[in-house]
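The data block below is data_9.cif; it holds mmCIF, C-alpha atoms.
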```cif
data_data
loop_
_atom_site.group_PDB
_atom_site.id
_atom_site.type_symbol
_atom_site.label_atom_id
_atom_site.label_comp_id
_atom_site.auth_asym_id
_atom_site.auth_seq_id
_atom_site.Cartn_x
_atom_site.Cartn_y
_atom_site.Cartn_z
ATOM 1 C CA MET A 1 188.829 15.927 86.273
ATOM 2 C CA ARG A 2 190.002 14.082 83.207
ATOM 3 C CA TYR A 3 190.369 10.367 83.732
ATOM 4 C CA SER A 4 193.094 8.354 82.034
ATOM 5 C CA ARG A 5 192.498 4.968 83.706
ATOM 6 C CA VAL A 6 188.695 4.876 83.843
ATOM 7 C CA PHE A 7 185.957 3.720 81.475
ATOM 8 C CA ILE A 8 182.450 2.323 81.667
ATOM 9 C CA ASP A 9 182.659 -1.287 80.570
ATOM 10 C CA ALA A 10 178.939 -2.185 80.522
ATOM 11 C CA ILE A 11 175.483 -0.958 81.434
ATOM 12 C CA GLY A 12 172.591 -3.264 82.265
ATOM 13 C CA TYR A 13 168.986 -2.390 82.951
ATOM 14 C CA GLU A 14 165.759 -4.049 83.990
ATOM 15 C CA LEU A 15 162.309 -2.736 83.085
ATOM 16 C CA PRO A 16 159.334 -3.527 85.316
ATOM 17 C CA PRO A 17 156.572 -5.657 83.798
ATOM 18 C CA VAL A 18 153.554 -3.452 84.601
ATOM 19 C CA VAL A 19 152.868 -0.776 81.959
ATOM 20 C CA VAL A 20 150.685 2.065 83.238
ATOM 21 C CA THR A 21 149.408 4.595 80.729
ATOM 22 C CA THR A 22 148.858 8.251 81.453
ATOM 23 C CA GLN A 23 145.265 7.679 80.330
ATOM 24 C CA GLU A 24 144.879 5.151 83.174
ATOM 25 C CA LEU A 25 146.169 7.672 85.715
ATOM 26 C CA GLU A 26 143.887 10.362 84.305
ATOM 27 C CA ALA A 27 140.893 8.014 84.555
ATOM 28 C CA ARG A 28 141.634 7.663 88.269
ATOM 29 C CA LEU A 29 141.877 11.470 88.482
ATOM 30 C CA ARG A 30 138.571 12.076 86.663
ATOM 31 C CA PRO A 31 136.846 13.479 89.806
ATOM 32 C CA VAL A 32 139.722 15.952 90.261
ATOM 33 C CA TYR A 33 139.605 16.965 86.587
ATOM 34 C CA GLU A 34 135.845 17.507 86.808
ATOM 35 C CA THR A 35 136.135 19.625 89.972
ATOM 36 C CA LEU A 36 138.900 21.774 88.477
ATOM 37 C CA HIS A 37 137.435 21.860 84.937
ATOM 38 C CA VAL A 38 140.582 20.314 83.467
ATOM 39 C CA ALA A 39 140.200 18.457 80.173
ATOM 40 C CA GLN A 40 141.280 14.817 79.972
ATOM 41 C CA GLY A 41 144.651 14.429 78.231
ATOM 42 C CA GLN A 42 146.333 17.374 79.943
ATOM 43 C CA LEU A 43 148.852 15.304 81.896
ATOM 44 C CA GLU A 44 150.216 13.711 78.737
ATOM 45 C CA ALA A 45 150.031 17.007 76.816
ATOM 46 C CA MET A 46 152.043 18.814 79.525
ATOM 47 C CA THR A 47 154.609 16.082 80.159
ATOM 48 C CA GLY A 48 154.850 14.149 76.911
ATOM 49 C CA ILE A 49 154.695 10.926 78.930
ATOM 50 C CA ALA A 50 152.308 8.354 77.469
ATOM 51 C CA GLU A 51 153.240 5.491 79.799
ATOM 52 C CA ARG A 52 155.480 4.505 82.644
ATOM 53 C CA ARG A 53 156.351 1.197 84.252
ATOM 54 C CA TRP A 54 155.775 -0.158 87.732
ATOM 55 C CA TRP A 55 157.023 -3.210 89.589
ATOM 56 C CA GLU A 56 154.444 -5.599 91.008
ATOM 57 C CA PRO A 57 153.285 -4.594 94.526
ATOM 58 C CA GLY A 58 155.868 -5.520 97.148
ATOM 59 C CA TYR A 59 158.687 -6.082 94.637
ATOM 60 C CA PRO A 60 161.981 -5.553 96.498
ATOM 61 C CA PRO A 61 164.207 -2.887 94.913
ATOM 62 C CA SER A 62 167.279 -5.036 95.555
ATOM 63 C CA GLN A 63 165.952 -7.629 93.115
ATOM 64 C CA GLY A 64 165.635 -5.115 90.277
ATOM 65 C CA ALA A 65 169.186 -3.976 91.002
ATOM 66 C CA VAL A 66 170.406 -7.593 91.014
ATOM 67 C CA GLN A 67 168.774 -8.301 87.643
ATOM 68 C CA ALA A 68 170.326 -5.174 86.094
ATOM 69 C CA ALA A 69 173.717 -6.043 87.638
ATOM 70 C CA ARG A 70 173.626 -9.578 86.228
ATOM 71 C CA LYS A 71 173.023 -8.142 82.758
ATOM 72 C CA ALA A 72 175.860 -5.615 83.123
ATOM 73 C CA LEU A 73 178.284 -8.239 84.432
ATOM 74 C CA ALA A 74 177.358 -10.631 81.610
ATOM 75 C CA MET A 75 178.346 -7.951 79.058
ATOM 76 C CA SER A 76 181.418 -6.789 80.958
ATOM 77 C CA HIS A 77 185.053 -7.814 80.947
ATOM 78 C CA VAL A 78 184.929 -7.424 84.750
ATOM 79 C CA ARG A 79 184.411 -10.707 86.552
ATOM 80 C CA PRO A 80 182.157 -10.695 89.611
ATOM 81 C CA GLN A 81 185.110 -11.575 91.861
ATOM 82 C CA ASP A 82 186.933 -8.442 90.617
ATOM 83 C CA VAL A 83 184.275 -6.022 91.935
ATOM 84 C CA GLU A 84 185.990 -4.201 94.815
ATOM 85 C CA VAL A 85 183.286 -1.610 95.568
ATOM 86 C CA LEU A 86 179.519 -1.990 95.208
ATOM 87 C CA ILE A 87 177.329 1.091 95.541
ATOM 88 C CA TYR A 88 173.531 0.990 95.639
ATOM 89 C CA ALA A 89 172.537 4.465 94.446
ATOM 90 C CA ALA A 90 168.763 4.790 94.692
ATOM 91 C CA VAL A 91 166.241 6.614 96.818
ATOM 92 C CA CYS A 92 164.101 3.467 97.138
ATOM 93 C CA ARG A 93 165.581 1.074 99.653
ATOM 94 C CA GLU A 94 164.197 -1.879 101.526
ATOM 95 C CA ASP A 95 165.579 -0.839 104.907
ATOM 96 C CA PHE A 96 167.781 1.914 106.248
ATOM 97 C CA GLU A 97 170.023 -0.730 107.788
ATOM 98 C CA PRO A 98 171.636 -2.835 106.576
ATOM 99 C CA ALA A 99 172.456 -1.066 103.335
ATOM 100 C CA THR A 100 170.544 -2.382 100.342
ATOM 101 C CA ALA A 101 173.955 -2.739 98.696
ATOM 102 C CA CYS A 102 174.638 -5.593 101.143
ATOM 103 C CA ARG A 103 171.619 -7.553 99.914
ATOM 104 C CA VAL A 104 172.543 -6.898 96.270
ATOM 105 C CA ALA A 105 176.122 -8.084 96.850
ATOM 106 C CA SER A 106 174.895 -11.198 98.653
ATOM 107 C CA ASP A 107 172.368 -12.069 95.944
ATOM 108 C CA LEU A 108 175.002 -11.537 93.237
ATOM 109 C CA GLY A 109 177.511 -13.667 95.138
ATOM 110 C CA VAL A 110 180.131 -10.905 95.090
ATOM 111 C CA ARG A 111 182.281 -9.962 98.071
ATOM 112 C CA PRO A 112 183.535 -6.413 97.530
ATOM 113 C CA ASP A 113 185.746 -4.754 100.147
ATOM 114 C CA THR A 114 183.462 -1.718 100.276
ATOM 115 C CA ILE A 115 179.655 -1.795 100.130
ATOM 116 C CA TYR A 116 177.326 1.151 100.760
ATOM 117 C CA ASP A 117 174.217 3.070 99.711
ATOM 118 C CA ILE A 118 174.043 6.582 98.264
ATOM 119 C CA SER A 119 170.704 8.372 98.238
ATOM 120 C CA ASN A 120 170.723 11.560 96.193
ATOM 121 C CA ALA A 121 167.542 11.556 94.117
ATOM 122 C CA CYS A 122 168.213 11.599 90.372
ATOM 123 C CA LEU A 123 171.940 12.133 90.855
ATOM 124 C CA GLY A 124 172.654 9.020 92.926
ATOM 125 C CA VAL A 125 173.930 6.863 90.062
ATOM 126 C CA LEU A 126 176.098 9.684 88.734
ATOM 127 C CA ASN A 127 177.501 10.263 92.245
ATOM 128 C CA GLY A 128 178.327 6.551 92.459
ATOM 129 C CA ILE A 129 180.022 6.551 89.056
ATOM 130 C CA VAL A 130 182.167 9.556 90.006
ATOM 131 C CA ASP A 131 183.104 7.931 93.335
ATOM 132 C CA LEU A 132 184.241 4.742 91.567
ATOM 133 C CA ALA A 133 186.021 6.698 88.837
ATOM 134 C CA ASN A 134 188.000 8.653 91.421
ATOM 135 C CA ARG A 135 188.952 5.464 93.289
ATOM 136 C CA ILE A 136 190.088 3.815 90.045
ATOM 137 C CA GLU A 137 192.004 6.881 88.864
ATOM 138 C CA LEU A 138 193.783 7.107 92.231
ATOM 139 C CA GLY A 139 194.758 3.426 92.019
ATOM 140 C CA GLN A 140 192.694 2.459 95.069
ATOM 141 C CA ILE A 141 190.620 -0.103 93.153
ATOM 142 C CA ARG A 142 190.535 -1.665 89.699
ATOM 143 C CA ALA A 143 186.765 -2.218 89.305
ATOM 144 C CA GLY A 144 183.451 -1.373 90.912
ATOM 145 C CA LEU A 145 179.732 -1.638 90.328
ATOM 146 C CA VAL A 146 176.979 0.970 90.773
ATOM 147 C CA VAL A 147 173.401 -0.319 90.898
ATOM 148 C CA SER A 148 170.046 1.356 91.371
ATOM 149 C CA CYS A 149 166.373 0.441 91.410
ATOM 150 C CA GLU A 150 163.538 2.909 91.810
ATOM 151 C CA THR A 151 159.853 2.222 92.274
ATOM 152 C CA ALA A 152 157.208 4.867 91.597
ATOM 153 C CA ARG A 153 154.026 2.824 92.121
ATOM 154 C CA GLU A 154 153.617 3.673 95.787
ATOM 155 C CA ILE A 155 154.329 7.401 95.425
ATOM 156 C CA ASN A 156 152.084 7.668 92.334
ATOM 157 C CA ASP A 157 149.247 5.919 94.212
ATOM 158 C CA ALA A 158 149.738 8.091 97.311
ATOM 159 C CA MET A 159 149.739 11.284 95.245
ATOM 160 C CA ILE A 160 146.557 10.321 93.405
ATOM 161 C CA ASP A 161 144.886 9.607 96.771
ATOM 162 C CA THR A 162 146.007 13.037 98.027
ATOM 163 C CA MET A 163 144.678 14.754 94.907
ATOM 164 C CA LEU A 164 141.332 12.947 95.228
ATOM 165 C CA ARG A 165 141.003 14.065 98.870
ATOM 166 C CA ASP A 166 142.056 17.666 98.252
ATOM 167 C CA ARG A 167 140.803 18.808 94.858
ATOM 168 C CA ARG A 168 142.324 22.290 94.841
ATOM 169 C CA MET A 169 144.256 23.629 91.832
ATOM 170 C CA GLU A 170 147.236 24.359 94.122
ATOM 171 C CA VAL A 171 147.453 20.672 95.094
ATOM 172 C CA PHE A 172 146.979 19.613 91.461
ATOM 173 C CA THR A 173 149.797 21.802 90.099
ATOM 174 C CA LYS A 174 152.216 20.907 92.903
ATOM 175 C CA SER A 175 151.498 17.197 92.448
ATOM 176 C CA LEU A 176 151.895 16.830 88.686
ATOM 177 C CA ALA A 177 155.648 16.229 88.723
ATOM 178 C CA THR A 178 155.165 13.216 90.984
ATOM 179 C CA LEU A 179 152.930 11.593 88.362
ATOM 180 C CA THR A 180 155.756 11.663 85.795
ATOM 181 C CA GLY A 181 157.798 9.130 87.760
ATOM 182 C CA GLY A 182 158.266 5.562 86.711
ATOM 183 C CA SER A 183 160.171 2.522 87.906
ATOM 184 C CA GLY A 184 163.284 0.775 86.652
ATOM 185 C CA ALA A 185 166.720 -0.566 87.526
ATOM 186 C CA VAL A 186 170.222 0.042 86.177
ATOM 187 C CA ALA A 187 173.757 -1.189 86.776
ATOM 188 C CA VAL A 188 177.018 0.415 85.577
#
```
Here is a file; write its structure as structure tokens.
Amino acid sequence: MRYSRVFIDAIGYELPPVVVTTQELEARLRPVYETLHVAQGQLEAMTGIAERRWWEPGYPPSQGAVQAARKALAMSHVRPQDVEVLIYAAVCREDFEPATACRVASDLGVRPDTIYDISNACLGVLNGIVDLANRIELGQIRAGLVVSCETAREINDAMIDTMLRDRRMEVFTKSLATLTGGSGAVAV
């Protein structure tokens, strides 16, 4: 669909404070590397990822989303009171109910008519943008906000623990993609 009434006015993001290098992850995996005869440096060589970021332990995803949303709203021509739909589009949520979008809206002080979560892995934010674009194009709303905050610390830690317990090459190769994940927040 070609849109004639839709545009992205601003994008805000928030980066977590904890920088974790691939070398640090590989140091934790040293026993696995030794068992499998894998040379140090392979994770970075295969992925090209030298570092990723993590939130502090226990950091609520809604707060990352709120920080990114404040930055986007500060750069936008859209006023907070004009946001008619707020979509939280991340896999990482604080609870299944109520929607994390409700907490984000409350913390931002916005009162949109429609508030909900979308969870569709890497496509969640894009799904949210398309949903808002369609609503705007159809004249149902004038403005909306999509926010997201992911946290990879817990899944990275869990995967390393799994790899340390089960040092088979099959587990190693199936687990590598998980170690590429990082954390961050965005608002559109």
- Quick one: pull the distance between CA of Gly184 (chain A) and CA of Leu73 (chain A), Å, one decimal.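 A separation of 17.6 Å between them.
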- What is the distance between CA of Tyr13 (chain A) and CA of Trp55 (chain A), in Å to one decimal?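 Straight-line distance from CA of Tyr13 (chain A) to CA of Trp55 (chain A) works out to 13.7 Å.
Applied to this file, the PyMOL selection byres ((chain A and resi 186) around 9) selects Ile11, Gly12, Tyr13, Glu14, Leu15, Gly64, Ala65, Gln67, Ala68, Ala69, Ala72, Val125, Val146, Val147, Ser148, Cys149, Gly184, Ala185, Ala187 and Val188 of chain A.
Separating CA of Asp166 (chain A) from CA of Leu43 (chain A) is a distance of 17.9 Å.
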What does the PyMOL selection byres ((chain A and resi 7) around 12) select in this file, as a PDB file with C-alpha atoms, keeping the file's coordinate frame?
```pdb
ATOM      1  CA  ARG A   2     190.002  14.082  83.207  1.00  0.00           C
ATOM      2  CA  TYR A   3     190.369  10.367  83.732  1.00  0.00           C
ATOM      3  CA  SER A   4     193.094   8.354  82.034  1.00  0.00           C
ATOM      4  CA  ARG A   5     192.498   4.968  83.706  1.00  0.00           C
ATOM      5  CA  VAL A   6     188.695   4.876  83.843  1.00  0.00           C
ATOM      6  CA  ILE A   8     182.450   2.323  81.667  1.00  0.00           C
ATOM      7  CA  ASP A   9     182.659  -1.287  80.570  1.00  0.00           C
ATOM      8  CA  ALA A  10     178.939  -2.185  80.522  1.00  0.00           C
ATOM      9  CA  ILE A  11     175.483  -0.958  81.434  1.00  0.00           C
ATOM     10  CA  SER A  76     181.418  -6.789  80.958  1.00  0.00           C
ATOM     11  CA  HIS A  77     185.053  -7.814  80.947  1.00  0.00           C
ATOM     12  CA  VAL A  78     184.929  -7.424  84.750  1.00  0.00           C
ATOM     13  CA  ILE A 129     180.022   6.551  89.056  1.00  0.00           C
ATOM     14  CA  VAL A 130     182.167   9.556  90.006  1.00  0.00           C
ATOM     15  CA  LEU A 132     184.241   4.742  91.567  1.00  0.00           C
ATOM     16  CA  ALA A 133     186.021   6.698  88.837  1.00  0.00           C
ATOM     17  CA  ASN A 134     188.000   8.653  91.421  1.00  0.00           C
ATOM     18  CA  ILE A 136     190.088   3.815  90.045  1.00  0.00           C
ATOM     19  CA  GLU A 137     192.004   6.881  88.864  1.00  0.00           C
ATOM     20  CA  ARG A 142     190.535  -1.665  89.699  1.00  0.00           C
ATOM     21  CA  ALA A 143     186.765  -2.218  89.305  1.00  0.00           C
ATOM     22  CA  GLY A 144     183.451  -1.373  90.912  1.00  0.00           C
ATOM     23  CA  VAL A 188     177.018   0.415  85.577  1.00  0.00           C
TER      24      VAL A 188
END
```
